[in-house]
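First comes the structure, then the notes that go with it.
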Amino acid sequence: MEKKNVLIVGGGGREHAIAWKLGQSEKVGKIYALPGNAGIAEIAECHPDIKATDIDKIVEFVEAHKDIYMTVVAPDDPLAMGLVNRLNAKGHRAFGPTAEAAIIEASKAFSKNLMKKYGIPTAEYEVFDSAKAAHEYVDKCKVPVVLKADGLALGKGVLICGTREAAHDGVKEIMEDKAFGAAGGKVVVESFLVGEEVSVLAYCDGTTVKPMPASRDHKRALDGDKGLNTGGMGTYSPVPFYTKRHEEEAMQKIFVPTVNAMKSEGRPFKGVLYFGLMLCEDGIKVLEYNARFGDPEAQVVLPRLKTDLFDVFEAVIDGTLEKLDVEYREEACVCVVAASGGYPERYEKGKEITFSDVPDDIMVFHAGTAKKDGKVVTSGGRVLGVTALGSDLKAAKARAYEGIKHISFDGMFYRHDICKIV
Ligand code: AMP
Ligand code: GLY
């Protein structure tokens with residue numbers, strides 16, 4: 001059997017987990033990554049000079065490398081910019097939604113309106129494109145209230161406002177000061193939901209949806225959910241409080257209706273659809289959609305996948321997902337993120353990372369790392385995702401926290417309460 005070469009677009013922990021998993025497939029030959037990072041470079045040919053948002057250069061790269069069979073587009077920006085459309089137009093195979101489908105993440109106004117139109121449960125909301133109208137609404141609405149910048153804002157465009165005053169400040173920040181740039185052209189103002197959060201990622205081929213096991217992210221920077229919102233400081237899977245009953249409810253009321261809705265809108269979704277869910281007293285509600293694997297959710301669900309990831313990607317692209325059995329291990333998985341001091345605000349880069357006898361069972365997914373003079377140095381806020389499988393969450397967590405003790409760099413910090421439920 002001839003092995004197939006794959007290109008992965010992106011350079012974070014999620015992309016390292018995807019590369020690592022694809023590297024285990026007997027069907028996959030060479031792996032390329034744009035830009036990749038120091039960890040991905042151990043299994044793939046990386047090109048650090050081509051960023052994930054340089055979509056012209058990426059298309060050129062694929063055109064020039066005739067040996068690439070499939071391109072996996074992992075991050076939100078190139079998806080929203082239409083990289084998959086561009087590759088398909090030139091006859092190349094690509095995994096990920098088109099720009100028309102990726103809008104489910106790229107515009108919160110679009111996704112809220114979609115849910116309203118198709119009766120998919122979510123927090124009640126209004127969308128405003130003028131600051132004046134948003135301020136007037138905030139004068140009368142119930143608090144706490146949640147403000148969301150419409151566009152992509154690195155997971156940071158959401159403000160939870162406990163008082164009316166804070167909500168006015170938030171409208172000013174998003175719409176007048178443009179703290180999240182062009183993402184703040186419109187604002188979604190929605191009611192505050194109370195409940196437990198769960199992330200469910202699902203493979204979709206436009207028609208069929210196959211949810212992966214649930215995972216839970218810890219979004220705040222510091223222990224006890226203190227500090228600022230981040231891209232995610234750690235994850236675990238499975239989620240014990242997301243029961244069979246929840247799985248059925250979500251499938252029936254959320255997952256299937258969403259995939260059908262996108263199809264009806266002429267925007268069939270092919271790729272990974274990420275459902276950010278809130279388990280509320282009156283049922284499960286959608287907090288957000290993402291058009292891709294979560295990061296660091298991918299780091300805990302991919303190690304649990306038994307089926308060949310390459311086969312899953314093929315089935316998604318070909319629209320044959322219904323026929324594929326996608327299987328998972330019973331074992332639990334926990335990922336603890338090691339971050340640069342100061343993240344998510346200001347932090348320094350270029351700190352040498354020391355790995356001292358990291359046990360073999362620990363998976364160290366690189367997120368923000370680079371090679372410099374033969375050394376591995378930090379190059380981002382989230383630096384590493386130290387990940388372990390275990391017979392249950394308690395065992396997996398103990399191994400992940402043991403693993404992180406073998407790693408250090410100047411200013412490194414991590415949360416000590418990832419998966420504190422066990
Ligand atoms: P999002 O990017 O939309 O997932 O929002 C980021 C985080 O803000 C979520 O993970 C939740 O913790 C919180 N959040 C978002 N929307 C709401 C809401 N309507 N009620 C309560 N919390 C929310
Ligand atoms: N961990 C949250 C996200 O990937 O959006």
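Numbering starts fresh at 1 for the residues of each chain in the structure tokens, the chains themselves are lettered A, B, ... in the order given, and ligands are numbered from 1 as they appear.
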
> What residues have any atom no more than 10 Å from ligand 2 when counting only C-alpha atoms and all ligand atoms, and can you list them as a ChimeraX atom specification?
Replying inline: /A:14,75-76,105,154-156,199,215-219,230-235,274-276,288-298

For the residues in that selection, give me C-alpha atoms as a PDB file, in the first residue's frame.
ATOM      1  CA  ARG A  14      -3.657  20.880  18.810  1.00  0.00           C
ATOM      2  CA  PRO A  75      -6.858  26.822  13.202  1.00  0.00           C
ATOM      3  CA  ASP A  76      -9.852  29.149  12.952  1.00  0.00           C
ATOM      4  CA  GLU A 105     -17.489  30.240  14.505  1.00  0.00           C
ATOM      5  CA  LEU A 154      -8.700  34.409  20.112  1.00  0.00           C
ATOM      6  CA  GLY A 155     -11.335  33.264  22.596  1.00  0.00           C
ATOM      7  CA  LYS A 156     -11.022  36.596  24.389  1.00  0.00           C
ATOM      8  CA  SER A 199     -16.994  20.684  25.172  1.00  0.00           C
ATOM      9  CA  SER A 215     -14.005  17.002  27.400  1.00  0.00           C
ATOM     10  CA  ARG A 216     -13.772  19.891  29.807  1.00  0.00           C
ATOM     11  CA  ASP A 217     -11.520  22.909  29.458  1.00  0.00           C
ATOM     12  CA  HIS A 218     -10.296  25.256  32.216  1.00  0.00           C
ATOM     13  CA  LYS A 219     -10.322  28.685  30.592  1.00  0.00           C
ATOM     14  CA  THR A 230      -7.167  32.213  28.152  1.00  0.00           C
ATOM     15  CA  GLY A 231      -7.254  29.848  25.184  1.00  0.00           C
ATOM     16  CA  GLY A 232      -7.413  27.012  27.752  1.00  0.00           C
ATOM     17  CA  MET A 233      -5.095  25.972  30.602  1.00  0.00           C
ATOM     18  CA  GLY A 234      -5.909  22.275  30.759  1.00  0.00           C
ATOM     19  CA  THR A 235      -8.469  19.664  29.828  1.00  0.00           C
ATOM     20  CA  TYR A 274     -16.958  21.999  18.323  1.00  0.00           C
ATOM     21  CA  PHE A 275     -20.001  22.443  20.557  1.00  0.00           C
ATOM     22  CA  GLY A 276     -19.395  24.514  23.691  1.00  0.00           C
ATOM     23  CA  GLU A 288     -20.606  28.679  21.269  1.00  0.00           C
ATOM     24  CA  TYR A 289     -19.659  26.804  18.141  1.00  0.00           C
ATOM     25  CA  ASN A 290     -16.116  26.462  16.865  1.00  0.00           C
ATOM     26  CA  ALA A 291     -15.334  25.217  13.374  1.00  0.00           C
ATOM     27  CA  ARG A 292     -12.308  23.113  14.369  1.00  0.00           C
ATOM     28  CA  PHE A 293     -10.726  20.924  17.023  1.00  0.00           C
ATOM     29  CA  GLY A 294     -10.436  22.752  20.354  1.00  0.00           C
ATOM     30  CA  ASP A 295      -7.045  23.467  21.829  1.00  0.00           C
ATOM     31  CA  PRO A 296      -6.323  21.861  24.354  1.00  0.00           C
ATOM     32  CA  GLU A 297      -9.410  19.652  23.861  1.00  0.00           C
ATOM     33  CA  ALA A 298      -7.763  17.841  20.918  1.00  0.00           C
TER      34      ALA A 298
END

>> Applying 12 Å and only C-alpha atoms, which residues near stretch 303-308 of chain A remain after dropping the ones on its own chain fewer than 5 positions away? List them as a ChimeraX atom specification.
In response: /A:14,16-28,211-215,236-238,297-298,313-315,324-335,361-365,387-391,396

>> Can you pull out the residues contacting stretch 171-188 of chain A? Cut-off 12 Å, using only C-alpha atoms, and skip same-chain residues under 5 positions away; I want them as number ranges by chain.
In response: A: 105-113, 123-139, 145-161, 164-166, 288

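Each of A:Thr208, A:Thr354, A:Asn37, A:Ser191 was checked against ligand 1 using only C-alpha atoms and all ligand atoms; the smallest atom-to-atom distance is that of A:Ser191.
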
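Residue nearest A:Pro97, chosen from A:Pro268, A:Gly170, A:Gly195, A:Pro144 and counting only C-alpha atoms: A:Pro268.
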